[in-house]
Each structure stands twice: as structure tokens, then as C-alpha cells.
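J.: What follows is upload05.csv, made up of CSV, C-alpha atoms:
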```
chain,number,residue,atom,x,y,z
A,1,MET,CA,104.9,33.0,57.3
A,2,THR,CA,103.0,29.9,58.0
A,3,ALA,CA,99.6,29.2,56.5
A,4,THR,CA,96.6,29.3,58.8
A,5,ALA,CA,94.4,26.2,58.8
A,6,ALA,CA,90.9,26.8,57.6
A,7,PRO,CA,88.4,26.6,60.5
A,8,ARG,CA,86.6,23.4,60.7
A,9,ARG,CA,82.9,23.6,60.1
A,10,ARG,CA,80.6,21.9,62.5
A,11,ALA,CA,78.8,19.0,60.9
A,12,ARG,CA,75.0,19.6,60.7
A,13,PRO,CA,72.8,16.8,62.0
A,14,GLU,CA,71.2,14.9,59.1
A,15,THR,CA,67.5,15.4,58.7
A,16,PRO,CA,65.7,12.1,58.1
A,17,GLY,CA,64.3,12.0,54.6
A,18,PRO,CA,61.3,10.0,53.4
A,19,ALA,CA,61.6,6.3,54.1
A,20,PRO,CA,62.8,4.3,51.1
A,21,GLU,CA,60.0,2.7,49.1
A,22,ALA,CA,61.1,-0.8,50.1
A,23,GLU,CA,61.0,0.2,53.7
A,24,ARG,CA,57.6,1.8,53.4
A,25,LEU,CA,56.2,-1.2,51.6
A,26,GLY,CA,57.7,-3.5,54.3
A,27,ALA,CA,55.9,-1.5,57.0
A,28,LEU,CA,52.6,-1.8,55.1
A,29,HIS,CA,53.0,-5.5,54.7
A,30,ALA,CA,53.8,-6.0,58.3
A,31,ALA,CA,51.0,-3.8,59.6
A,32,LEU,CA,48.4,-5.5,57.5
A,33,ALA,CA,49.7,-9.0,58.3
A,34,ASP,CA,49.6,-8.3,62.0
A,35,TRP,CA,46.0,-7.0,61.7
A,36,PHE,CA,44.9,-10.1,59.7
A,37,GLY,CA,46.4,-12.3,62.3
A,38,ARG,CA,44.2,-10.7,64.9
A,39,GLU,CA,41.0,-9.9,63.0
A,40,ALA,CA,40.6,-12.5,60.2
A,41,ARG,CA,37.3,-14.4,60.1
A,42,ASP,CA,37.5,-18.0,61.0
A,43,LEU,CA,36.4,-19.5,57.6
A,44,PRO,CA,36.7,-23.3,56.8
A,45,TRP,CA,38.5,-22.7,53.5
A,46,ARG,CA,41.3,-21.0,55.5
A,47,ALA,CA,41.6,-23.8,58.1
A,48,SER,CA,44.8,-25.8,58.4
A,49,ASP,CA,43.0,-28.9,57.2
A,50,ARG,CA,41.6,-27.2,54.1
A,51,THR,CA,42.1,-29.0,50.8
A,52,PRO,CA,42.9,-27.4,47.4
A,53,TRP,CA,39.5,-28.7,46.1
A,54,GLY,CA,37.8,-26.9,49.0
A,55,VAL,CA,39.6,-23.7,48.2
A,56,LEU,CA,38.6,-23.9,44.6
A,57,VAL,CA,34.9,-24.5,45.5
A,58,SER,CA,35.0,-21.6,47.9
A,59,GLU,CA,36.5,-19.2,45.3
A,60,VAL,CA,33.9,-20.1,42.7
A,61,MET,CA,31.0,-19.8,45.1
A,62,LEU,CA,32.3,-16.5,46.5
A,63,GLN,CA,32.2,-14.8,43.1
A,64,GLN,CA,29.5,-12.1,43.4
A,65,THR,CA,28.1,-13.9,46.5
A,66,PRO,CA,28.7,-12.9,50.2
A,67,VAL,CA,30.3,-15.2,52.7
A,68,VAL,CA,27.2,-15.5,54.8
A,69,ARG,CA,25.3,-17.1,51.9
A,70,VAL,CA,28.2,-19.3,50.8
A,71,LEU,CA,29.1,-20.9,54.1
A,72,PRO,CA,26.2,-23.3,54.5
A,73,VAL,CA,26.2,-24.4,50.8
A,74,TRP,CA,30.0,-24.8,50.9
A,75,ARG,CA,29.8,-27.1,53.9
A,76,GLU,CA,27.1,-29.2,52.3
A,77,TRP,CA,29.1,-29.5,49.1
A,78,MET,CA,32.3,-30.6,50.9
A,79,GLU,CA,30.4,-33.1,53.0
A,80,ARG,CA,28.8,-34.6,49.9
A,81,TRP,CA,31.7,-34.1,47.5
A,82,PRO,CA,34.9,-33.9,49.5
A,83,ARG,CA,37.0,-34.7,46.4
A,84,PRO,CA,36.7,-33.7,42.7
A,85,ALA,CA,36.0,-37.4,41.8
A,86,ASP,CA,33.0,-37.5,44.0
A,87,LEU,CA,31.4,-34.6,42.2
A,88,ALA,CA,32.5,-35.9,38.7
A,89,ALA,CA,30.7,-39.2,39.4
A,90,GLU,CA,27.3,-37.5,39.6
A,91,PRO,CA,25.3,-35.9,36.8
A,92,ALA,CA,25.9,-32.2,36.3
A,93,GLY,CA,22.3,-31.5,37.3
A,94,GLU,CA,23.0,-32.6,40.9
A,95,ALA,CA,25.6,-29.8,41.1
A,96,VAL,CA,23.0,-27.3,39.9
A,97,ARG,CA,20.4,-28.7,42.4
A,98,ALA,CA,22.9,-28.5,45.3
A,99,TRP,CA,23.8,-24.9,44.2
A,100,GLY,CA,20.5,-23.8,45.7
A,101,ARG,CA,19.9,-20.1,45.7
A,102,LEU,CA,23.5,-18.9,45.4
A,103,GLY,CA,22.8,-17.3,42.0
A,104,TYR,CA,24.6,-17.5,38.7
A,105,PRO,CA,24.1,-21.3,38.6
A,106,ARG,CA,26.4,-21.7,35.6
A,107,ARG,CA,29.2,-21.7,38.2
A,108,ALA,CA,27.9,-25.0,39.4
A,109,LEU,CA,28.2,-26.4,35.8
A,110,ARG,CA,31.7,-25.1,35.6
A,111,LEU,CA,32.7,-26.7,38.9
A,112,HIS,CA,31.3,-30.0,37.7
A,113,ALA,CA,33.2,-29.7,34.4
A,114,ALA,CA,36.4,-28.8,36.3
A,115,ALA,CA,36.0,-31.8,38.6
A,116,THR,CA,35.6,-34.1,35.6
A,117,VAL,CA,38.8,-32.8,34.0
A,118,ILE,CA,40.7,-32.9,37.4
A,119,THR,CA,39.6,-36.5,37.8
A,120,ALA,CA,40.4,-37.6,34.3
A,121,GLU,CA,43.6,-35.7,33.6
A,122,HIS,CA,45.2,-35.0,36.9
A,123,GLY,CA,44.6,-38.1,38.9
A,124,GLY,CA,41.9,-36.4,41.0
A,125,GLU,CA,44.3,-33.8,42.4
A,126,LEU,CA,44.2,-30.1,41.6
A,127,PRO,CA,47.2,-28.9,39.6
A,128,ASP,CA,49.2,-26.4,41.6
A,129,THR,CA,50.3,-23.8,39.1
A,130,GLU,CA,48.4,-20.9,37.6
A,131,GLU,CA,49.0,-22.1,34.1
A,132,GLU,CA,47.5,-25.5,34.8
A,133,LEU,CA,44.6,-24.1,36.8
A,134,LEU,CA,43.7,-21.7,34.0
A,135,ALA,CA,43.3,-24.7,31.7
A,136,LEU,CA,40.5,-26.1,33.8
A,137,PRO,CA,36.9,-25.3,32.6
A,138,GLY,CA,35.5,-22.1,34.1
A,139,VAL,CA,38.7,-21.1,35.8
A,140,GLY,CA,39.7,-17.5,35.0
A,141,SER,CA,42.8,-15.5,35.9
A,142,TYR,CA,41.5,-14.4,39.3
A,143,THR,CA,40.4,-17.8,40.4
A,144,ALA,CA,43.7,-19.4,39.2
A,145,ALA,CA,45.8,-16.8,41.1
A,146,ALA,CA,43.7,-17.1,44.2
A,147,VAL,CA,43.8,-20.9,44.3
A,148,ALA,CA,47.5,-20.9,43.5
A,149,ALA,CA,48.1,-18.5,46.5
A,150,PHE,CA,45.6,-19.8,49.1
A,151,ALA,CA,45.7,-23.5,48.4
A,152,PHE,CA,49.4,-23.9,47.3
A,153,GLY,CA,51.2,-20.9,48.8
A,154,ARG,CA,52.3,-19.6,45.5
A,155,ARG,CA,53.4,-16.0,44.9
A,156,SER,CA,50.5,-14.9,42.8
A,157,VAL,CA,49.0,-11.5,42.0
A,158,VAL,CA,45.4,-11.8,43.4
A,159,VAL,CA,43.1,-9.0,42.4
A,160,ASP,CA,39.5,-9.2,43.4
A,161,THR,CA,37.0,-6.3,44.0
A,162,ASN,CA,38.0,-5.8,47.6
A,163,ILE,CA,41.7,-5.8,46.9
A,164,ARG,CA,41.2,-3.4,44.0
A,165,ARG,CA,39.4,-1.0,46.3
A,166,VAL,CA,42.1,-1.2,49.0
A,167,HIS,CA,44.9,-0.6,46.5
A,168,ALA,CA,43.0,2.3,44.9
A,169,ARG,CA,42.6,4.1,48.2
A,170,LEU,CA,45.8,3.2,49.9
A,171,VAL,CA,48.2,3.9,47.0
A,172,SER,CA,46.4,6.1,44.4
A,173,GLY,CA,44.1,8.2,46.6
A,174,GLU,CA,41.0,7.2,44.7
A,175,ALA,CA,37.7,6.5,46.4
A,176,LEU,CA,36.9,3.5,44.1
A,177,PRO,CA,38.9,1.6,41.4
A,178,ALA,CA,37.9,1.9,37.8
A,179,PRO,CA,34.6,0.2,36.8
A,180,SER,CA,36.6,-2.5,35.0
A,181,LEU,CA,40.0,-4.0,35.9
A,182,THR,CA,42.8,-2.2,34.1
A,183,ALA,CA,46.4,-3.2,33.1
A,184,ALA,CA,47.6,-0.4,35.3
A,185,GLU,CA,45.9,-1.9,38.3
A,186,LEU,CA,47.5,-5.3,37.7
A,187,ARG,CA,50.9,-3.6,37.5
A,188,ARG,CA,50.3,-1.8,40.7
A,189,ALA,CA,49.2,-5.0,42.4
A,190,ALA,CA,52.3,-6.8,41.2
A,191,ALA,CA,54.5,-3.9,42.5
A,192,LEU,CA,52.8,-4.1,45.9
A,193,LEU,CA,53.3,-7.9,46.3
A,194,PRO,CA,56.0,-9.0,48.8
A,195,ALA,CA,58.9,-10.9,47.3
A,196,HIS,CA,58.7,-13.7,49.9
A,197,ARG,CA,56.1,-16.4,49.0
A,198,ALA,CA,54.6,-16.7,52.5
A,199,GLU,CA,54.4,-12.9,52.9
A,200,SER,CA,52.8,-12.5,49.5
A,201,VAL,CA,50.1,-15.0,50.5
A,202,ALA,CA,49.5,-13.1,53.7
A,203,TRP,CA,49.4,-9.8,51.9
A,204,ASN,CA,46.8,-11.0,49.4
A,205,ALA,CA,44.6,-12.5,52.1
A,206,ALA,CA,44.9,-9.5,54.4
A,207,ALA,CA,44.2,-6.9,51.7
A,208,MET,CA,41.1,-8.9,50.7
A,209,GLU,CA,39.9,-9.1,54.3
A,210,LEU,CA,40.5,-5.4,54.9
A,211,GLY,CA,38.3,-4.6,51.9
A,212,ALA,CA,35.6,-6.9,53.1
A,213,LEU,CA,35.5,-5.8,56.7
A,214,VAL,CA,37.0,-2.3,57.0
A,215,CYS,CA,37.7,-0.6,53.7
A,216,THR,CA,34.2,-1.2,52.3
A,217,ALA,CA,32.7,0.5,49.3
A,218,ARG,CA,29.9,2.5,51.0
A,219,SER,CA,30.9,2.9,54.7
A,220,PRO,CA,34.7,2.5,55.2
A,221,ARG,CA,35.7,2.2,58.9
A,222,CYS,CA,38.8,4.3,58.6
A,223,ASP,CA,39.0,4.8,62.4
A,224,VAL,CA,40.0,1.1,62.8
A,225,CYS,CA,42.1,0.7,59.7
A,226,PRO,CA,45.6,-0.6,60.5
A,227,VAL,CA,47.1,1.3,57.6
A,228,ALA,CA,45.1,4.6,57.8
A,229,ALA,CA,48.3,6.6,58.4
A,230,GLU,CA,49.6,5.5,55.0
A,231,CYS,CA,46.3,5.9,53.1
A,232,ALA,CA,46.6,8.3,50.2
A,233,TRP,CA,42.8,8.7,50.0
A,234,LEU,CA,42.6,9.9,53.6
A,235,ALA,CA,45.5,12.2,53.1
A,236,ALA,CA,43.8,13.7,50.1
A,237,GLY,CA,40.7,14.5,52.2
A,238,GLU,CA,38.5,11.5,51.1
A,239,PRO,CA,37.7,12.7,47.6
A,240,PRO,CA,34.4,11.3,46.3
A,241,PRO,CA,34.2,8.7,43.5
A,242,THR,CA,34.5,9.9,40.0
A,243,TYR,CA,31.5,7.8,39.0
A,244,THR,CA,28.4,6.3,40.5
A,245,PRO,CA,28.5,2.5,40.8
A,246,ARG,CA,25.5,0.9,39.2
A,247,GLY,CA,23.6,-1.6,41.3
A,248,GLN,CA,22.3,-4.8,39.7
A,249,ALA,CA,18.6,-4.8,39.1
A,250,TRP,CA,16.7,-7.9,40.1
A,251,HIS,CA,12.9,-7.5,40.3
A,252,GLY,CA,11.3,-8.0,36.9
A,253,THR,CA,14.5,-9.0,35.1
A,254,ASP,CA,15.3,-12.1,33.2
A,255,ARG,CA,17.6,-13.1,36.0
A,256,GLN,CA,14.7,-13.2,38.4
A,257,VAL,CA,12.6,-15.3,36.1
A,258,ARG,CA,15.4,-17.7,35.3
A,259,GLY,CA,16.0,-18.1,39.1
A,260,ALA,CA,12.3,-18.9,39.6
A,261,ILE,CA,12.4,-21.5,36.8
A,262,MET,CA,15.5,-23.0,38.2
A,263,ALA,CA,13.8,-23.3,41.6
A,264,VAL,CA,11.1,-25.4,40.0
A,265,LEU,CA,13.7,-27.7,38.3
A,266,ARG,CA,15.7,-28.1,41.5
A,267,ALA,CA,12.6,-29.1,43.4
A,268,ALA,CA,11.4,-31.6,40.8
A,269,GLU,CA,12.8,-35.2,40.8
A,270,HIS,CA,11.2,-35.9,37.4
A,271,PRO,CA,10.9,-33.8,34.2
A,272,VAL,CA,8.3,-31.0,34.3
A,273,VAL,CA,5.9,-30.2,31.3
A,274,ARG,CA,7.3,-27.1,29.6
A,275,GLU,CA,3.8,-25.6,29.3
A,276,LEU,CA,3.6,-25.3,33.1
A,277,PHE,CA,6.4,-22.6,33.1
A,278,VAL,CA,4.5,-20.5,30.6
A,279,ARG,CA,1.0,-20.5,32.1
A,280,ALA,CA,-0.8,-21.6,35.2
A,281,PRO,CA,-1.4,-25.4,35.3
A,282,GLU,CA,-4.6,-26.7,33.8
A,283,LEU,CA,-3.5,-30.3,33.3
A,284,PRO,CA,-3.9,-33.2,35.8
A,285,ASP,CA,-1.0,-33.4,38.2
A,286,SER,CA,0.0,-36.8,36.9
A,287,GLU,CA,0.3,-35.4,33.3
A,288,MET,CA,2.2,-32.4,34.5
A,289,LEU,CA,4.9,-34.2,36.4
A,290,GLY,CA,4.7,-37.7,35.1
A,291,SER,CA,5.5,-40.1,38.0
A,292,ALA,CA,6.4,-37.1,40.2
A,293,GLY,CA,2.8,-35.8,40.3
A,294,SER,CA,0.3,-36.6,42.9
A,295,GLU,CA,-2.3,-39.3,42.4
A,296,ALA,CA,-5.1,-36.7,42.1
A,297,SER,CA,-6.6,-36.1,38.7
A,298,GLY,CA,-8.6,-33.4,36.9
A,299,PRO,CA,-7.8,-29.8,36.2
A,300,CYS,CA,-6.4,-27.7,39.0
A,301,SER,CA,-5.4,-24.1,39.8
A,302,THR,CA,-2.0,-22.9,40.7
A,303,GLN,CA,-3.0,-22.9,44.3
A,304,HIS,CA,-4.3,-26.4,44.2
A,305,PHE,CA,-1.2,-27.6,42.4
A,306,ALA,CA,1.0,-26.0,45.0
A,307,GLU,CA,-0.9,-27.9,47.7
A,308,ALA,CA,-1.0,-31.2,45.9
A,309,ALA,CA,2.5,-31.4,44.5
A,310,SER,CA,4.6,-29.3,47.0
A,311,PRO,CA,7.5,-28.4,46.8
A,312,VAL,CA,7.4,-28.4,43.0
A,313,GLY,CA,3.9,-26.8,42.9
A,314,ALA,CA,5.0,-24.2,45.5
A,315,ALA,CA,7.9,-23.2,43.3
A,316,LEU,CA,5.6,-23.0,40.3
A,317,ALA,CA,3.2,-20.8,42.3
A,318,ARG,CA,6.1,-18.5,43.1
A,319,LEU,CA,7.0,-18.3,39.4
A,320,HIS,CA,3.6,-17.4,38.3
A,321,ALA,CA,3.1,-14.9,41.1
A,322,LEU,CA,5.8,-12.8,39.4
A,323,GLY,CA,3.2,-12.0,36.7
A,324,THR,CA,5.8,-12.4,34.0
A,325,GLY,CA,4.6,-12.2,30.4
A,326,PRO,CA,4.8,-15.3,28.1
A,327,ASP,CA,7.5,-13.6,25.9
A,328,GLN,CA,9.9,-13.1,28.9
A,329,LEU,CA,9.2,-16.6,30.2
A,330,GLU,CA,10.0,-18.1,26.8
A,331,ARG,CA,13.2,-16.1,26.6
A,332,ALA,CA,14.2,-17.2,30.0
A,333,LEU,CA,13.5,-20.9,29.2
A,334,THR,CA,15.4,-20.6,25.9
A,335,GLY,CA,18.4,-19.0,27.7
A,336,LEU,CA,18.5,-21.8,30.3
A,337,LEU,CA,18.5,-24.4,27.6
A,338,ALA,CA,21.2,-22.7,25.7
A,339,ASP,CA,23.4,-22.4,28.8
A,340,GLY,CA,23.0,-26.1,29.5
A,341,LEU,CA,21.2,-25.4,32.8
A,342,ALA,CA,18.1,-27.3,31.6
A,343,VAL,CA,17.5,-30.1,29.2
A,344,GLU,CA,14.2,-30.6,27.2
A,345,VAL,CA,13.0,-34.0,26.1
A,346,ASP,CA,9.6,-34.6,24.6
A,347,GLY,CA,8.3,-31.3,25.9
A,348,ARG,CA,9.4,-31.8,29.4
A,349,LEU,CA,12.3,-30.0,31.2
A,350,ARG,CA,14.8,-31.2,33.8
A,351,LEU,CA,18.2,-30.4,35.1
A,352,PRO,CA,21.1,-31.7,33.0
```
How does the structure come out when it is put into C-alpha cells?
T.:
Amino acid sequence: MTATAAPRRRARPETPGPAPEAERLGALHAALADWFGREARDLPWRASDRTPWGVLVSEVMLQQTPVVRVLPVWREWMERWPRPADLAAEPAGEAVRAWGRLGYPRRALRLHAAATVITAEHGGELPDTEEELLALPGVGSYTAAAVAAFAFGRRSVVVDTNIRRVHARLVSGEALPAPSLTAAELRRAAALLPAHRAESVAWNAAAMELGALVCTARSPRCDVCPVAAECAWLAAGEPPPTYTPRGQAWHGTDRQVRGAIMAVLRAAEHPVVRELFVRAPELPDSEMLGSAGSEASGPCSTQHFAEAASPVGAALARLHALGTGPDQLERALTGLLADGLAVEVDGRLRLP
């Protein structure tokens, strides 16, 4: 009796499983890079003739300041100070004066200090590693990573507010990232970063641009998002934030008063009597501003001073129009002196 062969089973067609993680990430990287190539804004610090110094200046200026405000000031800076040595050769006060109304003027002092170190210790050329960039005055972990990536093509983990928001929605399904940067976010950003240097730079730039133009905090444009199909936040039904972001107050704050005082100092070519910041002018113009005052003499009102010694007087008039009390004015003045944004000599204030 011969054994009967077991019937052969028909092989079932294989059902495709979920794409491997590496494949999924590769698709994300490619989709965002393609979108960036089509939609990226034409910004001078991204141009082919950009310099590492120009990239550093842009990154410092763009901290807490929108592109539209930075662009004209950046262009003026690069025309006046195209190299770090050009800025280092001038007093720090000139950097503060040229900073204009970008806000947070200590950034101007930090850029001047960095330019001085770059000139003295690096032959006038920016160092090209994160470690060396971190050693520059005023350069933190974000700025060092961004300059290493965008100026030198390094594979760096760049995590700004826009990138954090894109990562939170795309990967974790959260409407907004945590109020403060966490170690978990840094690990996630590192895991998302492409292994290839050029691709990593493109990913950082594209994620940042997506957050600025499409995946915005208040009104995300999900209908035009190139990676909407992969977005965990959309898949979860767009859950709301777990907290309410706090806006930064301005009117009536010390920041507003400090800004008004700085406007006076930027407008003045000579030291300004301290008393003028605390109360409306009662002194002759020539006494108030020394050689910067007008030739008219005698007591004058704030309005008269604004007319006689514009633009310094106009800036003083705007300061006093705030109606700030003397205690807050003194506090603002003391803070500016402590921060090195103003210098006082013989009762007169000037830029450093």
C-alpha cells in the first residue's frame, strides 16, 4: 500500500502590513523636502551667497521676532557690517542703535560681543561646530544648532517653536507642545532627523517653514499641508490644547517703558540728562542735551522740547505720554544700566 501524498495547500496572498518605521520616515522626509522646494520663502539668509555671519545675525534677530520685522534691519546690518570684524570695530552702542525697534535689545549686545570674540579668537571667521559656536557670547543650544545646520550643513538637531509644534502634531497628536522644551522633545527630534547630512538640513528647514506658514499655532492650514495624511493630530480628531498659551503683555509693562527709554537713547547723539527720563523737561535745551541740544534757552514744555530738539524730544514726548510713574521709570532705568544697555556718566545717560 502506497502512502498518499498530502494535498498541497494554496498559498494565501500576503496582506501588506504597516510600512516599516524607516520607510515611513523616509516618506515624511521626502514629502516635506519637496514641499519646501516649492513653497519656501525667498529669504536672503537662505540665498546661495549667504555667509555664516549673516546666518548667525538672522538667527539672533529672529528670536521672538517675525520675519517681516527682521528683514529690513538684517539688510541694513549686513550692508554696514558684512563681517564680524566690521561690527567689532565699533562701540557696542552702535549695535544697540542699529537694532531699532526689534525688541529685546540685549540681543544686539550679544551679537557685538560674539563678533568681538570671533574677530579676536577665530580670525574673523565663524567656527563651524556646535561646540565652538556654543562658546560664543550669547549663543545658546538652539542658535548653535541652527547655525551649524544652515550655515555649515551640519547634521544638527534644530528645535525652535515652529519645529516643536510640527513634531507635536505630526508624531504625538498634540495640539501644542509643552510650554517649555522637554528632554522627551529633544529625543523625538533626534529620532526624526534624517541620517544623511544634506537631508537633515532640508528636514530642519522644511519643518520650521511648515510651522511658520501652514502648521501655525492659532489657524493651521491643514488643507494644504503636505504631510496631513500622516498627521497624528488630524487622525485623532484635532484635540484641543491641554493648556491656554499666555500672551505677552506689553502696555504698561516695564518692557514698554524700557523700550521708550531706549528710543530716546538711540535718537540722541550725545548723553541725555537722567532727570529728563523721570519728569517732563524744565531745563534749557542746551543743559538737557549738552552739545546735542538746540540753541534756544529757557524753560520749555515737553511739546516745545519735542519741536526744538526732534527726534530726541519727540522720543521723550512719547515716553512721557505713557504716563508712567516715577518708581517704574527709575526701575526701568536701573534695569537698563544693569543690563549694560545704557551707561551713566555725571548724571547723563548714553548708549554703551
J.: Would you please work out which residue, of A:Leu136, A:Ala175, A:Val273, A:Met262, is nearest to Gly237 (chain A) when using only C-alpha atoms?
T.: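 Under the stated criterion, the closest residue is A:Ala175.
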J.: What lies within 8 Å of Leu319 (chain A) using only C-alpha atoms, ignoring chain neighbours under 4 positions off, as a VMD selection string?
T.: chain A and resid 257 260 to 261 277 315 323
J.: Name the closest residue to Leu109 (chain A) among the candidates A:Ala85, A:Met61, A:Ala183, A:Ile163; distances are taken between atoms, counting all atoms listed in the file.
T.: A:Met61
J.: For Glu344 (chain A), find every residue with an atom within 10 Å (counting all atoms listed in the file), except residues of its own chain fewer than 6 positions away, and show them as an MDAnalysis selection string.
T.: chainID A and resid 271:274 333 337 350:352
J.: So how far away is CA of Ala151 (chain A) from CA of Leu56 (chain A), in Å?
T.: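 Spanning CA of Leu56 (chain A) to CA of Ala151 (chain A) is a straight-line distance of 8.1 Å.
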J.: With N, CA and C atoms as the target, complete region 166-180 of chain A and hand it back as a PDB file, in the coordinates of the input.
T.:
```
ATOM      1  N   VAL A 166      41.079  -1.515  48.056  1.00  0.00           N
ATOM      2  CA  VAL A 166      42.100  -1.200  49.000  1.00  0.00           C
ATOM      3  C   VAL A 166      43.326  -0.578  48.315  1.00  0.00           C
ATOM      4  N   HIS A 167      43.758  -1.157  47.222  1.00  0.00           N
ATOM      5  CA  HIS A 167      44.900  -0.600  46.500  1.00  0.00           C
ATOM      6  C   HIS A 167      44.601   0.809  45.983  1.00  0.00           C
ATOM      7  N   ALA A 168      43.380   1.011  45.468  1.00  0.00           N
ATOM      8  CA  ALA A 168      43.000   2.300  44.900  1.00  0.00           C
ATOM      9  C   ALA A 168      43.095   3.403  45.981  1.00  0.00           C
ATOM     10  N   ARG A 169      42.570   3.115  47.163  1.00  0.00           N
ATOM     11  CA  ARG A 169      42.600   4.100  48.200  1.00  0.00           C
ATOM     12  C   ARG A 169      43.947   4.274  48.859  1.00  0.00           C
ATOM     13  N   LEU A 170      44.556   3.166  49.168  1.00  0.00           N
ATOM     14  CA  LEU A 170      45.800   3.200  49.900  1.00  0.00           C
ATOM     15  C   LEU A 170      46.943   3.826  49.111  1.00  0.00           C
ATOM     16  N   VAL A 171      47.025   3.507  47.815  1.00  0.00           N
ATOM     17  CA  VAL A 171      48.200   3.900  47.000  1.00  0.00           C
ATOM     18  C   VAL A 171      47.852   5.107  46.094  1.00  0.00           C
ATOM     19  N   SER A 172      46.682   5.069  45.455  1.00  0.00           N
ATOM     20  CA  SER A 172      46.400   6.100  44.400  1.00  0.00           C
ATOM     21  C   SER A 172      45.477   7.205  44.922  1.00  0.00           C
ATOM     22  N   GLY A 173      44.921   7.096  46.115  1.00  0.00           N
ATOM     23  CA  GLY A 173      44.100   8.200  46.600  1.00  0.00           C
ATOM     24  C   GLY A 173      42.725   8.257  45.963  1.00  0.00           C
ATOM     25  N   GLU A 174      42.275   7.170  45.372  1.00  0.00           N
ATOM     26  CA  GLU A 174      41.000   7.200  44.700  1.00  0.00           C
ATOM     27  C   GLU A 174      39.937   6.487  45.571  1.00  0.00           C
ATOM     28  N   ALA A 175      38.725   7.020  45.550  1.00  0.00           N
ATOM     29  CA  ALA A 175      37.700   6.500  46.400  1.00  0.00           C
ATOM     30  C   ALA A 175      37.282   5.058  45.949  1.00  0.00           C
ATOM     31  N   LEU A 176      37.281   4.830  44.651  1.00  0.00           N
ATOM     32  CA  LEU A 176      36.900   3.500  44.100  1.00  0.00           C
ATOM     33  C   LEU A 176      37.830   3.222  42.911  1.00  0.00           C
ATOM     34  N   PRO A 177      38.090   1.954  42.652  1.00  0.00           N
ATOM     35  CA  PRO A 177      38.900   1.600  41.400  1.00  0.00           C
ATOM     36  C   PRO A 177      38.016   1.850  40.196  1.00  0.00           C
ATOM     37  N   ALA A 178      38.632   1.724  39.055  1.00  0.00           N
ATOM     38  CA  ALA A 178      37.900   1.900  37.800  1.00  0.00           C
ATOM     39  C   ALA A 178      36.785   0.866  37.699  1.00  0.00           C
ATOM     40  N   PRO A 179      35.742   1.159  36.923  1.00  0.00           N
ATOM     41  CA  PRO A 179      34.600   0.200  36.800  1.00  0.00           C
ATOM     42  C   PRO A 179      35.067  -1.180  36.346  1.00  0.00           C
ATOM     43  N   SER A 180      36.096  -1.243  35.517  1.00  0.00           N
ATOM     44  CA  SER A 180      36.600  -2.500  35.000  1.00  0.00           C
ATOM     45  C   SER A 180      38.113  -2.602  35.329  1.00  0.00           C
TER      46      SER A 180
END
```
